[in-house]
$ cat protein-v8.cif   # mmCIF, C-alpha atoms
data_final
loop_
_atom_site.label_atom_id
_atom_site.label_comp_id
_atom_site.auth_asym_id
_atom_site.auth_seq_id
_atom_site.Cartn_x
_atom_site.Cartn_y
_atom_site.Cartn_z
CA MET A 1257 -34.07 22.73 -28.57
CA LYS A 1258 -34.04 19.78 -26.18
CA LYS A 1259 -31.73 16.77 -26.25
CA ARG A 1260 -32.17 13.56 -24.28
CA ILE A 1261 -28.99 12.61 -22.42
CA SER A 1262 -27.94 9.76 -20.15
CA PHE A 1263 -25.16 10.08 -17.63
CA ILE A 1264 -24.05 8.94 -14.20
CA LEU A 1265 -24.38 11.56 -11.47
CA ASN A 1266 -22.88 10.85 -8.06
CA GLY A 1267 -23.05 7.13 -8.74
CA GLN A 1268 -26.61 7.00 -10.07
CA GLN A 1269 -27.77 6.71 -13.68
CA HIS A 1270 -29.91 9.58 -15.01
CA THR A 1271 -31.71 10.11 -18.31
CA VAL A 1272 -33.18 13.56 -18.84
CA ALA A 1273 -34.00 16.08 -21.54
CA VAL A 1274 -31.86 19.23 -21.44
CA ASP A 1275 -31.88 22.42 -23.41
CA THR A 1276 -28.92 22.22 -25.80
CA ARG A 1277 -27.83 25.74 -24.75
CA GLU A 1278 -28.05 25.19 -20.98
CA LEU A 1279 -24.85 25.34 -18.98
CA LEU A 1280 -24.03 22.46 -16.68
CA VAL A 1281 -23.86 24.73 -13.62
CA ASP A 1282 -27.41 25.96 -14.26
CA PHE A 1283 -28.70 22.45 -14.97
CA LEU A 1284 -27.20 21.13 -11.72
CA ARG A 1285 -28.49 24.00 -9.58
CA GLU A 1286 -31.84 24.83 -11.17
CA THR A 1287 -33.05 21.51 -12.54
CA LEU A 1288 -31.45 18.95 -10.20
CA TYR A 1289 -31.34 21.27 -7.15
CA LEU A 1290 -27.70 20.38 -6.41
CA THR A 1291 -26.73 23.78 -5.04
CA GLY A 1292 -23.32 22.74 -3.70
CA THR A 1293 -21.93 23.65 -7.12
CA LYS A 1294 -21.52 27.40 -6.73
CA VAL A 1295 -21.94 30.11 -9.34
CA GLY A 1296 -18.98 32.43 -9.24
CA CYS A 1297 -17.50 34.33 -12.13
CA GLY A 1298 -19.34 32.59 -14.97
CA ILE A 1299 -16.23 32.68 -17.19
CA GLY A 1300 -14.16 29.76 -15.91
CA GLU A 1301 -11.74 31.80 -13.83
CA CYS A 1302 -12.71 31.15 -10.20
CA GLY A 1303 -13.39 27.41 -9.92
CA ALA A 1304 -16.40 27.80 -7.61
CA CYS A 1305 -18.40 25.64 -10.02
CA THR A 1306 -15.82 22.83 -10.24
CA VAL A 1307 -17.25 19.35 -10.73
CA LEU A 1308 -15.59 16.13 -11.84
CA LEU A 1309 -16.46 14.95 -15.34
CA ASP A 1310 -15.09 11.49 -16.01
CA GLY A 1311 -12.73 12.04 -13.09
CA GLU A 1312 -11.32 15.36 -14.28
CA PRO A 1313 -12.10 18.75 -12.73
CA VAL A 1314 -14.06 21.03 -15.06
CA ASN A 1315 -15.69 24.41 -14.66
CA ALA A 1316 -19.42 23.71 -14.93
CA CYS A 1317 -19.96 27.29 -16.10
CA LEU A 1318 -18.07 26.46 -19.32
CA VAL A 1319 -19.64 23.08 -20.08
CA LEU A 1320 -22.96 22.55 -21.82
CA ALA A 1321 -25.19 20.13 -19.93
CA ALA A 1322 -25.86 18.23 -23.16
CA SER A 1323 -22.14 17.46 -23.50
CA VAL A 1324 -22.13 15.18 -20.45
CA ASP A 1325 -24.13 12.58 -22.37
CA GLY A 1326 -22.52 9.21 -21.68
CA GLY A 1327 -20.25 10.65 -19.01
CA SER A 1328 -19.90 10.40 -15.27
CA LEU A 1329 -20.28 13.47 -13.04
CA VAL A 1330 -19.40 13.96 -9.40
CA THR A 1331 -20.56 17.04 -7.53
CA VAL A 1332 -19.72 17.94 -3.95
CA GLU A 1333 -22.95 16.22 -2.92
CA GLY A 1334 -21.46 13.00 -4.30
CA LEU A 1335 -18.43 12.99 -1.99
CA ARG A 1336 -19.11 10.11 0.36
CA GLY A 1337 -17.42 7.50 2.42
CA GLU A 1338 -14.07 7.47 4.15
CA GLU A 1339 -12.34 9.55 1.50
CA ALA A 1340 -14.88 12.37 1.93
CA GLU A 1341 -14.63 12.17 5.73
CA VAL A 1342 -10.83 12.37 5.60
CA LEU A 1343 -10.92 15.37 3.26
CA GLN A 1344 -13.58 17.18 5.27
CA ARG A 1345 -11.80 16.55 8.58
CA ALA A 1346 -8.47 17.75 7.16
CA PHE A 1347 -10.06 20.95 5.79
CA ILE A 1348 -11.67 21.66 9.16
CA GLU A 1349 -8.60 20.83 11.26
CA GLU A 1350 -6.27 22.89 9.07
CA GLY A 1351 -8.63 25.89 9.00
CA ALA A 1352 -9.01 25.59 5.22
CA VAL A 1353 -12.69 26.53 5.39
CA GLN A 1354 -13.48 30.15 6.05
CA CYS A 1355 -16.34 31.73 4.11
CA GLY A 1356 -16.84 28.34 2.42
CA TYR A 1357 -17.76 29.58 -1.03
CA CYS A 1358 -14.74 27.98 -2.72
CA THR A 1359 -14.84 24.83 -0.58
CA PRO A 1360 -16.96 22.58 -2.85
CA GLY A 1361 -14.68 23.25 -5.82
CA MET A 1362 -11.56 22.88 -3.69
CA LEU A 1363 -12.77 19.53 -2.32
CA LEU A 1364 -13.40 18.21 -5.82
CA SER A 1365 -10.03 19.41 -7.08
CA ALA A 1366 -8.45 17.72 -4.05
CA LYS A 1367 -10.34 14.50 -4.77
CA ALA A 1368 -9.13 14.56 -8.38
CA VAL A 1369 -5.46 14.89 -7.43
CA LEU A 1370 -5.76 12.23 -4.71
CA ASP A 1371 -7.51 9.87 -7.12
CA ARG A 1372 -4.50 10.18 -9.43
CA ASN A 1373 -1.86 10.06 -6.69
CA ARG A 1374 -2.44 9.18 -3.04
CA ARG A 1375 0.89 10.80 -2.10
CA PRO A 1376 1.10 14.01 -4.14
CA SER A 1377 3.90 16.49 -3.65
CA GLU A 1378 3.12 19.98 -2.40
CA ALA A 1379 3.74 21.24 -5.95
CA GLU A 1380 1.19 18.76 -7.33
CA VAL A 1381 -1.39 19.90 -4.78
CA ARG A 1382 -0.75 23.55 -5.60
CA GLN A 1383 -1.15 22.77 -9.31
CA ALA A 1384 -4.37 20.82 -8.64
CA VAL A 1385 -6.03 23.73 -6.81
CA SER A 1386 -4.59 26.44 -9.05
CA GLY A 1387 -7.89 26.75 -10.91
CA ASN A 1388 -9.80 27.47 -7.70
CA LEU A 1389 -9.72 30.98 -6.28
CA CYS A 1390 -9.92 31.57 -2.54
CA ARG A 1391 -9.95 35.06 -1.11
CA CYS A 1392 -9.96 34.01 2.55
CA THR A 1393 -7.27 31.44 3.32
CA GLY A 1394 -4.29 32.43 1.21
CA TYR A 1395 -4.09 28.78 0.00
CA GLU A 1396 -1.52 27.68 2.59
CA ARG A 1397 -4.21 26.11 4.79
CA ILE A 1398 -5.85 24.47 1.80
CA VAL A 1399 -2.58 22.95 0.61
CA ARG A 1400 -1.84 21.73 4.15
CA ALA A 1401 -5.33 20.21 4.34
CA VAL A 1402 -4.91 18.26 1.11
CA MET A 1403 -1.44 17.10 2.17
CA ARG A 1404 -2.86 16.07 5.55
CA ALA A 1405 -5.71 14.17 3.88
CA ALA A 1406 -3.20 12.37 1.68
CA GLY A 1407 -1.19 11.40 4.76
CA ASP A 1408 -4.32 10.22 6.58
CA MET A 1409 -5.45 7.96 3.75
CA GLU A 1410 -4.24 4.40 3.96
CA GLU A 1411 -1.08 3.51 2.06
CA GLY A 1412 -1.77 1.54 -1.10
CA GLU A 1413 -5.51 2.24 -1.14
CA GLU A 1414 -6.84 2.31 -4.69
CA PRO A 1415 -8.54 5.52 -5.85
CA VAL A 1416 -12.31 5.28 -5.69
CA ALA A 1417 -14.04 5.52 -9.05
CA GLY A 1418 -17.19 7.59 -9.39
CA CYS A 1419 -18.28 9.28 -6.22
CA GLY A 1420 -15.82 7.80 -3.72
#

$ encode --input "protein-v8.cif" --output "C-alpha coordinates"
Amino acid sequence: MKKRISFILNGQQHTVAVDTRELLVDFLRETLYLTGTKVGCGIGECGACTVLLDGEPVNACLVLAASVDGGSLVTVEGLRGEEAEVLQRAFIEEGAVQCGYCTPGMLLSAKAVLDRNRRPSEAEVRQAVSGNLCRCTGYERIVRAVMRAAGDMEEGEEPVAGCG
(Lines of atoms letter the chains of each structure in order from A and count residues from 1; the text may use other names and numbers.)
(Lines give C-alpha, C1' and ligand atoms only; values in the text may rest on other atoms or scores of the structure.)
Protein backbone atom coordinates (compact mmCIF):
# COMPACT_ATOMS: atom_id res chain seq x y z
CA MET A 1 0.00 0.00 0.00
CA LYS A 2 1.24 3.49 -0.85
CA LYS A 3 1.03 6.60 1.30
CA ARG A 4 1.66 10.17 0.15
CA ILE A 5 4.08 11.98 2.46
CA SER A 6 5.58 15.45 2.61
CA PHE A 7 8.85 16.19 4.33
CA ILE A 8 11.93 18.37 4.14
CA LEU A 9 15.07 16.61 2.90
CA ASN A 10 18.38 18.43 3.09
CA GLY A 11 16.59 21.76 3.13
CA GLN A 12 14.17 21.08 0.26
CA GLN A 13 10.48 20.20 0.45
CA HIS A 14 9.46 16.84 -1.05
CA THR A 15 6.08 15.19 -1.56
CA VAL A 16 6.17 11.58 -2.70
CA ALA A 17 4.26 8.32 -2.50
CA VAL A 18 6.02 5.61 -0.49
CA ASP A 19 5.24 2.01 0.22
CA THR A 20 4.03 1.88 3.83
CA ARG A 21 6.41 -1.05 4.52
CA GLU A 22 9.52 0.51 2.98
CA LEU A 23 12.42 1.32 5.27
CA LEU A 24 13.86 4.81 5.19
CA VAL A 25 17.34 3.52 4.30
CA ASP A 26 15.97 1.75 1.22
CA PHE A 27 13.84 4.74 0.22
CA LEU A 28 16.83 7.09 0.45
CA ARG A 29 19.18 4.82 -1.47
CA GLU A 30 16.91 3.18 -4.03
CA THR A 31 14.27 5.81 -4.72
CA LEU A 32 16.10 9.10 -4.08
CA TYR A 33 19.57 7.76 -5.02
CA LEU A 34 21.17 9.25 -1.89
CA THR A 35 23.75 6.52 -1.42
CA GLY A 36 25.77 8.29 1.28
CA THR A 37 23.46 6.62 3.79
CA LYS A 38 25.09 3.21 4.09
CA VAL A 39 23.45 -0.16 4.64
CA GLY A 40 25.24 -1.99 7.40
CA CYS A 41 23.73 -4.44 9.84
CA GLY A 42 20.05 -3.80 9.10
CA ILE A 43 19.13 -4.15 12.79
CA GLY A 44 20.07 -0.76 14.23
CA GLU A 45 23.36 -1.83 15.79
CA CYS A 46 26.07 -0.30 13.59
CA GLY A 47 24.95 3.26 12.81
CA ALA A 48 26.13 3.18 9.19
CA CYS A 49 22.65 4.33 8.15
CA THR A 50 22.45 7.24 10.60
CA VAL A 51 20.48 10.25 9.40
CA LEU A 52 19.06 13.20 11.31
CA LEU A 53 15.28 13.23 11.72
CA ASP A 54 14.08 16.50 13.19
CA GLY A 55 17.65 17.07 14.37
CA GLU A 56 18.07 13.75 16.15
CA PRO A 57 20.22 10.86 14.91
CA VAL A 58 18.19 7.81 13.93
CA ASN A 59 19.04 4.51 12.30
CA ALA A 60 17.35 4.66 8.90
CA CYS A 61 17.21 0.85 8.85
CA LEU A 62 14.72 0.95 11.74
CA VAL A 63 12.48 3.78 10.51
CA LEU A 64 9.67 3.39 8.01
CA ALA A 65 9.87 5.97 5.23
CA ALA A 66 6.18 6.79 5.72
CA SER A 67 6.88 7.86 9.31
CA VAL A 68 8.91 10.89 8.21
CA ASP A 69 5.73 12.59 6.99
CA GLY A 70 5.85 16.19 8.22
CA GLY A 71 9.43 15.84 9.41
CA SER A 72 12.81 17.17 8.42
CA LEU A 73 15.61 14.83 7.31
CA VAL A 74 19.30 15.50 6.86
CA THR A 75 21.53 12.95 5.15
CA VAL A 76 25.28 13.21 4.68
CA GLU A 77 24.59 14.76 1.28
CA GLY A 78 22.87 17.61 3.12
CA LEU A 79 25.94 18.63 5.13
CA ARG A 80 26.93 21.95 3.64
CA GLY A 81 28.53 25.22 4.46
CA GLU A 82 31.17 26.13 6.98
CA GLU A 83 30.02 23.61 9.56
CA ALA A 84 30.43 20.75 7.06
CA GLU A 85 33.83 22.04 5.96
CA VAL A 86 35.04 22.26 9.55
CA LEU A 87 33.84 18.73 10.33
CA GLN A 88 35.31 17.27 7.15
CA ARG A 89 38.66 19.01 7.64
CA ALA A 90 38.87 17.86 11.28
CA PHE A 91 38.09 14.24 10.31
CA ILE A 92 40.78 14.33 7.62
CA GLU A 93 43.43 16.07 9.74
CA GLU A 94 42.88 13.77 12.73
CA GLY A 95 42.95 10.61 10.57
CA ALA A 96 39.35 9.79 11.55
CA VAL A 97 38.57 8.50 8.06
CA GLN A 98 40.01 5.15 7.13
CA CYS A 99 37.81 2.76 5.16
CA GLY A 100 35.10 5.45 5.24
CA TYR A 101 32.08 3.19 5.61
CA CYS A 102 31.10 4.59 9.02
CA THR A 103 32.01 8.18 8.13
CA PRO A 104 28.59 9.43 6.92
CA GLY A 105 26.90 8.23 10.12
CA MET A 106 29.73 9.55 12.28
CA LEU A 107 29.53 12.98 10.62
CA LEU A 108 25.79 13.17 11.25
CA SER A 109 26.15 12.07 14.87
CA ALA A 110 28.87 14.72 15.25
CA LYS A 111 26.61 17.36 13.70
CA ALA A 112 23.81 16.44 16.11
CA VAL A 113 25.98 16.82 19.21
CA LEU A 114 27.50 20.08 17.93
CA ASP A 115 24.04 21.45 17.12
CA ARG A 116 23.08 20.85 20.76
CA ASN A 117 26.36 22.05 22.26
CA ARG A 118 29.16 23.85 20.42
CA ARG A 119 31.59 22.97 23.22
CA PRO A 120 30.83 19.36 24.17
CA SER A 121 32.96 17.47 26.65
CA GLU A 122 34.88 14.41 25.52
CA ALA A 123 32.31 12.28 27.37
CA GLU A 124 29.47 13.96 25.44
CA VAL A 125 31.23 13.29 22.14
CA ARG A 126 31.83 9.65 23.07
CA GLN A 127 28.15 9.30 23.99
CA ALA A 128 27.08 10.97 20.72
CA VAL A 129 29.04 8.51 18.56
CA SER A 130 28.36 5.47 20.73
CA GLY A 131 25.70 4.26 18.30
CA ASN A 132 28.15 4.26 15.40
CA LEU A 133 30.51 1.33 15.01
CA CYS A 134 33.96 1.79 13.50
CA ARG A 135 36.30 -1.13 13.02
CA CYS A 136 39.23 0.91 11.70
CA THR A 137 40.03 3.88 13.91
CA GLY A 138 39.44 2.70 17.46
CA TYR A 139 37.31 5.85 18.03
CA GLU A 140 40.15 7.95 19.51
CA ARG A 141 40.73 9.74 16.20
CA ILE A 142 37.01 10.26 15.70
CA VAL A 143 36.57 11.76 19.16
CA ARG A 144 39.60 14.01 18.58
CA ALA A 145 38.15 15.09 15.24
CA VAL A 146 34.81 16.09 16.75
CA MET A 147 36.55 17.90 19.61
CA ARG A 148 38.79 19.67 17.08
CA ALA A 149 35.77 20.67 14.98
CA ALA A 150 34.09 22.06 18.08
CA GLY A 151 37.21 24.09 18.86
CA ASP A 152 37.43 25.35 15.28
CA MET A 153 33.84 26.58 15.19
CA GLU A 154 33.33 30.17 16.21
CA GLU A 155 32.42 30.85 19.82
CA GLY A 156 28.77 31.76 20.27
CA GLU A 157 27.71 30.63 16.79
CA GLU A 158 24.12 29.41 16.81
CA PRO A 159 23.50 25.83 15.66
CA VAL A 160 22.31 25.65 12.08
CA ALA A 161 18.81 24.26 11.65
CA GLY A 162 18.10 21.83 8.85
CA CYS A 163 21.07 20.99 6.73
CA GLY A 164 23.67 23.39 8.13

$ closest_residue --input "protein-v8.cif" --among "A:Gly1334, A:Gly1394, A:Gly1387, A:Gly1311" --to "Ala1352 in chain A" --atoms "all atoms listed in the file"
A:Gly1394

$ closest_residue --input "protein-v8.cif" --among "A:Leu1265, A:Met1257, A:Val1272, A:Val1385" --to "Thr1287 in chain A" --atoms "only C-alpha atoms"
A:Val1272

$ closest_residue --input "protein-v8.cif" --among "A:Lys1259, A:Arg1397, A:Arg1285, A:Arg1336" --to "Ile1348 in chain A" --atoms "all atoms listed in the file"
A:Arg1397

$ closest_residue --input "protein-v8.cif" --among "A:Gly1351, A:Gly1267, A:Gly1292, A:Pro1313" --to "Thr1393 in chain A" --atoms "all atoms listed in the file"
A:Gly1351

$ residues_around --input "protein-v8.cif" --residues "Asp1282 in chain A" --least-positions-apart "2" --cutoff "12 Å" --atoms "all atoms listed in the file" --output "PDB file with C-alpha atoms, in the coordinates of the input"
ATOM      1  CA  VAL A1274     -31.860  19.230 -21.440  1.00  0.00           C
ATOM      2  CA  ASP A1275     -31.880  22.420 -23.410  1.00  0.00           C
ATOM      3  CA  ARG A1277     -27.830  25.740 -24.750  1.00  0.00           C
ATOM      4  CA  GLU A1278     -28.050  25.190 -20.980  1.00  0.00           C
ATOM      5  CA  LEU A1279     -24.850  25.340 -18.980  1.00  0.00           C
ATOM      6  CA  LEU A1280     -24.030  22.460 -16.680  1.00  0.00           C
ATOM      7  CA  LEU A1284     -27.200  21.130 -11.720  1.00  0.00           C
ATOM      8  CA  ARG A1285     -28.490  24.000  -9.580  1.00  0.00           C
ATOM      9  CA  GLU A1286     -31.840  24.830 -11.170  1.00  0.00           C
ATOM     10  CA  THR A1287     -33.050  21.510 -12.540  1.00  0.00           C
ATOM     11  CA  LEU A1288     -31.450  18.950 -10.200  1.00  0.00           C
ATOM     12  CA  TYR A1289     -31.340  21.270  -7.150  1.00  0.00           C
ATOM     13  CA  LEU A1290     -27.700  20.380  -6.410  1.00  0.00           C
ATOM     14  CA  THR A1291     -26.730  23.780  -5.040  1.00  0.00           C
ATOM     15  CA  GLY A1292     -23.320  22.740  -3.700  1.00  0.00           C
ATOM     16  CA  THR A1293     -21.930  23.650  -7.120  1.00  0.00           C
ATOM     17  CA  LYS A1294     -21.520  27.400  -6.730  1.00  0.00           C
ATOM     18  CA  VAL A1295     -21.940  30.110  -9.340  1.00  0.00           C
ATOM     19  CA  GLY A1296     -18.980  32.430  -9.240  1.00  0.00           C
ATOM     20  CA  GLY A1298     -19.340  32.590 -14.970  1.00  0.00           C
ATOM     21  CA  CYS A1305     -18.400  25.640 -10.020  1.00  0.00           C
ATOM     22  CA  ASN A1315     -15.690  24.410 -14.660  1.00  0.00           C
ATOM     23  CA  ALA A1316     -19.420  23.710 -14.930  1.00  0.00           C
ATOM     24  CA  CYS A1317     -19.960  27.290 -16.100  1.00  0.00           C
ATOM     25  CA  LEU A1318     -18.070  26.460 -19.320  1.00  0.00           C
ATOM     26  CA  VAL A1319     -19.640  23.080 -20.080  1.00  0.00           C
ATOM     27  CA  LEU A1320     -22.960  22.550 -21.820  1.00  0.00           C
ATOM     28  CA  ALA A1321     -25.190  20.130 -19.930  1.00  0.00           C
ATOM     29  CA  ALA A1322     -25.860  18.230 -23.160  1.00  0.00           C
TER      30      ALA A1322
END

$ atom_distance --input "protein-v8.cif" --atom1 "CA of Ala1273 in chain A" --atom2 "CA of Ala1368 in chain A"
28.2 Å

$ closest_residue --input "protein-v8.cif" --among "A:Pro1360, A:Gly1300, A:Gly1327, A:Gly1407" --to "Glu1312 in chain A" --atoms "all atoms listed in the file"
A:Gly1327

$ atom_distance --input "protein-v8.cif" --atom1 "CA of Asp1310 in chain A" --atom2 "CA of Ala1405 in chain A"
22.2 Å

$ build_atoms --input "protein-v8.cif" --residues "range 1277-1292 of chain A" --atoms "N, CA and C atoms" --output "tab-separated table (two decimals), in the coordinates of the input"
chain	number	residue	atom	x	y	z
A	1277	ARG	N	-28.61	24.53	-25.06
A	1277	ARG	CA	-27.83	25.74	-24.75
A	1277	ARG	C	-27.60	25.93	-23.25
A	1278	GLU	N	-28.13	25.03	-22.44
A	1278	GLU	CA	-28.05	25.19	-20.98
A	1278	GLU	C	-26.67	24.79	-20.46
A	1279	LEU	N	-26.14	25.63	-19.61
A	1279	LEU	CA	-24.85	25.34	-18.98
A	1279	LEU	C	-25.02	24.30	-17.88
A	1280	LEU	N	-24.00	23.51	-17.69
A	1280	LEU	CA	-24.03	22.46	-16.68
A	1280	LEU	C	-24.28	23.03	-15.29
A	1281	VAL	N	-23.67	24.14	-14.95
A	1281	VAL	CA	-23.86	24.73	-13.62
A	1281	VAL	C	-25.33	25.07	-13.38
A	1282	ASP	N	-25.99	25.61	-14.39
A	1282	ASP	CA	-27.41	25.96	-14.26
A	1282	ASP	C	-28.27	24.71	-14.18
A	1283	PHE	N	-27.96	23.71	-14.99
A	1283	PHE	CA	-28.70	22.45	-14.97
A	1283	PHE	C	-28.59	21.80	-13.59
A	1284	LEU	N	-27.39	21.75	-13.03
A	1284	LEU	CA	-27.20	21.13	-11.72
A	1284	LEU	C	-27.98	21.89	-10.64
A	1285	ARG	N	-27.88	23.19	-10.64
A	1285	ARG	CA	-28.49	24.00	-9.58
A	1285	ARG	C	-30.00	24.16	-9.76
A	1286	GLU	N	-30.44	24.45	-10.97
A	1286	GLU	CA	-31.84	24.83	-11.17
A	1286	GLU	C	-32.76	23.67	-11.54
A	1287	THR	N	-32.22	22.65	-12.16
A	1287	THR	CA	-33.05	21.51	-12.54
A	1287	THR	C	-32.92	20.38	-11.53
A	1288	LEU	N	-31.69	20.07	-11.13
A	1288	LEU	CA	-31.45	18.95	-10.20
A	1288	LEU	C	-31.37	19.40	-8.75
A	1289	TYR	N	-31.37	20.69	-8.50
A	1289	TYR	CA	-31.34	21.27	-7.15
A	1289	TYR	C	-30.09	20.86	-6.36
A	1290	LEU	N	-28.98	20.68	-7.05
A	1290	LEU	CA	-27.70	20.38	-6.41
A	1290	LEU	C	-26.95	21.71	-6.28
A	1291	THR	N	-27.23	22.41	-5.20
A	1291	THR	CA	-26.73	23.78	-5.04
A	1291	THR	C	-25.34	23.86	-4.43
A	1292	GLY	N	-24.70	22.72	-4.18
A	1292	GLY	CA	-23.32	22.74	-3.70
A	1292	GLY	C	-22.37	23.26	-4.75
